[in-house]
Amino acid sequence: MSDVNTPNSSITPVFVPNYQSNLLAGNTHHYGPNGRIQGVDFYRVAMTVIVPAEPSDARTDLEDSLREDHRRPGQPYGLALLESQQFGVMLLTEPSTIEAFRSGTAVLPGGADATIYGGWPSCGYGPWEKIIPAATWYPGGTGILDEFEGVDGAKVTLYEYTVDEGLAWNRRGTPTGKTTAMVGWHCDRCHRPYEMEFDERFENRGPHDRQWAGRNARGHARGQDGKCRPPRGDLEELVSAVASDLRGYRVEVPSQAASCAAEEGCARVRHARAVTARLASAAGQTGR
Ligand SMILES: [Zn+2]
Ligand SMILES: [Zn+2]
């Protein structure tokens with residue numbers, strides 16, 4: 001919906017300069033018994049937003065999510081959007097506080113003085129979807145977000161990566177020349193998820209997408225999906241036997257582990273790890 005009564009375009013988020021250089025290495029997320037995130041040790045501020053008093057779809061949507069006593073009819077709101085590797089929160093404050101923070105003359109309220117809501121106004125849909133710009137955790141959109149201990153000593157890695165848009169959902173698709181940011185996970189025991197498991201990777205537009213991918217990764221690590229079994233090569237053996245029969249000589253089919261190492265999860269994790277090490281060392285050299 002867009003008409004003169006819904007000036008969402010007057011809401012312009014402002015990124016915190018260089019916020020992506022603050023990688024919060026060693027940050028810890030705390031999980032409840034159901035695997036949901038209950039707390040995070042550190043956040044970084046990604047962007048700030050001032051929501052004007054005039055009516056808009058975005059303002060209505062925001063107010064719908066606010067507690068009654070936090071709503072301020074006819075007055076603007078100040079928002080700061082904070083994020084960790086796997087979570088996003090919104091600080092609700094005065095527009096003047098946001099302006100002072102932007103100009104570097106004040107810090108944002110913290111602790112008991114802060115009004116914090118879980119999640120950003122946009123979770124990838126609704127009137128905020130077009131307002132909040134897509135952003136990755138790592139500058140460039142490639143790196144390791146977290147690691148989880150899996151079944152039987154497995155390591156499950158949550159990571160960001162970039163890929164040609166045409167190949168994001170089909171490795172044998174047609175390249176478009178346009179790069180897209182993704183978030184996914186990988187288990188080094190069973191080499192899941194497989195290429196065809198479409199609901200295990202996400203377009204990476206913000207902390208809510210990383211949160212989804214993280215939830216799936218932890219579900220797998222805990223053995224919740226019952227899928228963590230080392231590939232036994234049965235399928236490859238069957239395909240190979242049929243192909244060999246047809247052709248009259250032995251045809252080898254690469255195992256899941258081999259194709260993973262070459263071009264799927266293992267390969268992407270290896271690359272993400274190398275990029276992360278480079279960024280961490282660059283941050284060290286600049287005194288951070
Ligand atoms: Zn596994
Ligand atoms: Zn693998």
# chains A, B, ... in the order shown; residues from 1 in each chain; ligands from 1

$ residues_around --residues "Asp61 in chain A" --least-positions-apart "6" --cutoff "9 Å" --atoms "only C-alpha atoms" --output "ChimeraX atom specification"
/A:121,126-128

$ select_by_dssp --residues "range 120-183 of chain A" --states "helix (DSSP H, G or I)" --output "list in words"
Val151, Asp152, Gly153, Glu165, Gly166 and Leu167 of chain A

$ residues_near_ligand --ligand "ligand 2" --cutoff "7 Å" --atoms "only C-alpha atoms and all ligand atoms" --output "PDB file with C-alpha atoms, in the first residue's frame"
ATOM      1  CA  HIS A 186      27.071 -27.302   8.249  1.00  0.00           C
ATOM      2  CA  CYS A 187      27.698 -30.478  10.241  1.00  0.00           C
ATOM      3  CA  ASP A 188      31.113 -32.070   9.795  1.00  0.00           C
ATOM      4  CA  HIS A 191      27.710 -33.296   5.967  1.00  0.00           C
ATOM      5  CA  ARG A 192      24.165 -32.018   6.186  1.00  0.00           C
ATOM      6  CA  ALA A 257      31.711 -36.262   1.916  1.00  0.00           C
ATOM      7  CA  CYS A 260      30.935 -31.569   0.298  1.00  0.00           C
ATOM      8  CA  ALA A 261      34.658 -31.057   0.644  1.00  0.00           C
ATOM      9  CA  GLU A 264      29.348 -27.719  -0.741  1.00  0.00           C
ATOM     10  CA  GLY A 265      29.190 -27.109   3.022  1.00  0.00           C
ATOM     11  CA  CYS A 266      32.733 -28.128   3.942  1.00  0.00           C
TER      12      CYS A 266
END

$ residues_near_ligand --ligand "ligand 1" --cutoff "9 Å" --atoms "only C-alpha atoms and all ligand atoms" --output "count of residues only"
21

$ atom_distance --atom1 "CA of Asn27 in chain A" --atom2 "CA of Glu147 in chain A"
11.5 Å

$ select_by_dssp --residues "range 43-254 of chain A" --states "strand (DSSP E or B)" --output "count of residues only"
53

$ residues_around --residues "range 72-89 of chain A" --least-positions-apart "5" --cutoff "9 Å" --atoms "only C-alpha atoms" --output "compact mmCIF listing (two decimals) with N, CA and C atoms, in the first residue's frame"
# COMPACT_ATOMS: atom_id res chain seq x y z
N LEU A 23 33.30 -7.04 15.47
CA LEU A 23 32.84 -8.42 15.22
C LEU A 23 32.44 -9.18 16.48
N LEU A 24 32.64 -8.58 17.65
CA LEU A 24 32.26 -9.22 18.93
C LEU A 24 32.75 -10.66 19.00
N ASN A 27 31.74 -13.65 21.59
CA ASN A 27 30.42 -13.33 22.17
C ASN A 27 29.68 -14.62 22.52
N HIS A 29 25.99 -16.55 23.40
CA HIS A 29 24.53 -16.58 23.44
C HIS A 29 24.12 -17.62 24.48
N ILE A 37 17.02 -18.67 22.21
CA ILE A 37 17.97 -17.72 22.77
C ILE A 37 17.31 -16.97 23.93
N VAL A 40 22.09 -12.65 25.45
CA VAL A 40 23.32 -12.50 24.69
C VAL A 40 24.22 -11.57 25.50
N ASP A 41 25.51 -11.90 25.58
CA ASP A 41 26.42 -11.07 26.39
C ASP A 41 26.61 -9.68 25.79
N PHE A 42 26.84 -9.61 24.47
CA PHE A 42 27.13 -8.31 23.86
C PHE A 42 26.34 -8.09 22.56
N TYR A 43 25.99 -6.84 22.37
CA TYR A 43 25.37 -6.42 21.11
C TYR A 43 26.19 -5.29 20.51
N ARG A 44 26.04 -5.10 19.21
CA ARG A 44 26.55 -3.88 18.60
C ARG A 44 25.36 -3.12 18.04
N VAL A 45 25.49 -1.80 17.93
CA VAL A 45 24.40 -0.99 17.38
C VAL A 45 24.60 -0.94 15.87
N ALA A 46 23.63 -1.42 15.12
CA ALA A 46 23.75 -1.43 13.66
C ALA A 46 23.23 -0.13 13.05
N MET A 47 22.07 0.31 13.51
CA MET A 47 21.49 1.53 12.92
C MET A 47 20.50 2.17 13.88
N THR A 48 20.20 3.42 13.59
CA THR A 48 19.22 4.16 14.38
C THR A 48 18.12 4.68 13.47
N VAL A 49 16.95 4.88 14.05
CA VAL A 49 15.78 5.26 13.26
C VAL A 49 14.97 6.27 14.06
N ILE A 50 14.48 7.30 13.39
CA ILE A 50 13.51 8.18 14.03
C ILE A 50 12.17 8.03 13.30
N VAL A 51 11.16 7.68 14.05
CA VAL A 51 9.83 7.48 13.46
C VAL A 51 9.01 8.73 13.75
N PRO A 52 8.70 9.52 12.70
CA PRO A 52 8.01 10.79 12.92
C PRO A 52 6.58 10.60 13.44
N ALA A 53 6.05 11.70 13.95
CA ALA A 53 4.71 11.65 14.56
C ALA A 53 3.61 11.43 13.54
N GLU A 54 3.84 11.86 12.31
CA GLU A 54 2.78 11.74 11.30
C GLU A 54 2.46 10.27 11.03
N PRO A 55 1.18 10.00 10.74
CA PRO A 55 0.76 8.60 10.55
C PRO A 55 1.47 7.93 9.38
N ARG A 59 4.63 3.24 11.29
CA ARG A 59 4.39 3.69 12.66
C ARG A 59 3.29 2.84 13.32
N GLU A 63 3.71 0.54 16.59
CA GLU A 63 2.89 0.72 17.80
C GLU A 63 2.13 -0.55 18.15
N GLU A 94 14.00 8.32 23.15
CA GLU A 94 13.60 9.63 22.63
C GLU A 94 14.35 9.94 21.33
N PRO A 95 13.69 10.61 20.38
CA PRO A 95 14.40 11.04 19.18
C PRO A 95 15.62 11.90 19.51
N SER A 96 15.53 12.72 20.56
CA SER A 96 16.68 13.58 20.91
C SER A 96 17.87 12.74 21.36
N THR A 97 17.60 11.61 22.01
CA THR A 97 18.68 10.72 22.42
C THR A 97 19.36 10.12 21.20
N ILE A 98 18.54 9.75 20.20
CA ILE A 98 19.09 9.20 18.95
C ILE A 98 19.91 10.26 18.23
N GLU A 99 19.41 11.50 18.19
CA GLU A 99 20.16 12.56 17.52
C GLU A 99 21.49 12.82 18.21
N LEU A 108 23.92 5.70 24.22
CA LEU A 108 22.54 5.21 24.34
C LEU A 108 22.31 4.74 25.77
N ILE A 116 13.88 -2.25 26.08
CA ILE A 116 14.36 -3.14 25.02
C ILE A 116 13.25 -4.10 24.60
N TYR A 117 13.10 -4.23 23.30
CA TYR A 117 12.19 -5.23 22.75
C TYR A 117 13.00 -6.25 21.96
N GLY A 118 12.60 -7.52 22.03
CA GLY A 118 13.25 -8.54 21.23
C GLY A 118 12.85 -8.40 19.78
N GLY A 119 13.82 -8.47 18.88
CA GLY A 119 13.53 -8.39 17.45
C GLY A 119 13.53 -6.97 16.92
N TRP A 120 13.81 -6.82 15.64
CA TRP A 120 13.74 -5.52 14.96
C TRP A 120 12.33 -5.33 14.44
N PRO A 121 11.97 -4.06 14.10
CA PRO A 121 10.62 -3.84 13.58
C PRO A 121 10.34 -4.71 12.35
N TRP A 137 26.31 -9.84 9.04
CA TRP A 137 27.13 -9.64 10.23
C TRP A 137 28.55 -9.22 9.81
N LEU A 145 29.72 -17.48 12.16
CA LEU A 145 28.89 -16.83 13.17
C LEU A 145 28.98 -17.53 14.52
N ASP A 146 28.99 -18.86 14.51
CA ASP A 146 29.04 -19.60 15.77
C ASP A 146 29.31 -21.07 15.47
N GLY A 206 19.29 -9.95 7.70
CA GLY A 206 19.42 -9.34 9.01
C GLY A 206 19.44 -10.38 10.11
N PRO A 207 19.45 -9.92 11.38
CA PRO A 207 19.59 -10.86 12.49
C PRO A 207 18.48 -11.91 12.56
N HIS A 208 17.27 -11.59 12.05
CA HIS A 208 16.20 -12.58 12.14
C HIS A 208 16.48 -13.79 11.26
N ASP A 209 17.13 -13.55 10.11
CA ASP A 209 17.48 -14.68 9.24
C ASP A 209 18.59 -15.53 9.87
N ARG A 210 19.56 -14.86 10.50
CA ARG A 210 20.64 -15.60 11.16
C ARG A 210 20.09 -16.39 12.34
N GLN A 211 19.08 -15.82 12.98
CA GLN A 211 18.45 -16.50 14.12
C GLN A 211 17.78 -17.81 13.67
N TRP A 212 17.07 -17.76 12.54
CA TRP A 212 16.42 -18.97 12.02
C TRP A 212 17.44 -20.05 11.70
N ALA A 213 18.49 -19.64 10.98
CA ALA A 213 19.52 -20.61 10.60
C ALA A 213 20.17 -21.20 11.85
N GLY A 214 20.40 -20.35 12.85
CA GLY A 214 21.02 -20.80 14.10
C GLY A 214 20.14 -21.80 14.84

$ atom_distance --atom1 "CA of Ala168 in chain A" --atom2 "CA of Thr136 in chain A"
16.1 Å

$ atom_distance --atom1 "CA of Thr142 in chain A" --atom2 "CA of Phe101 in chain A"
29.0 Å

$ closest_residue --among "A:Pro17, A:Pro133, A:Gly141, A:Gly32" --to "Arg218 in chain A" --atoms "only C-alpha atoms"
A:Gly32
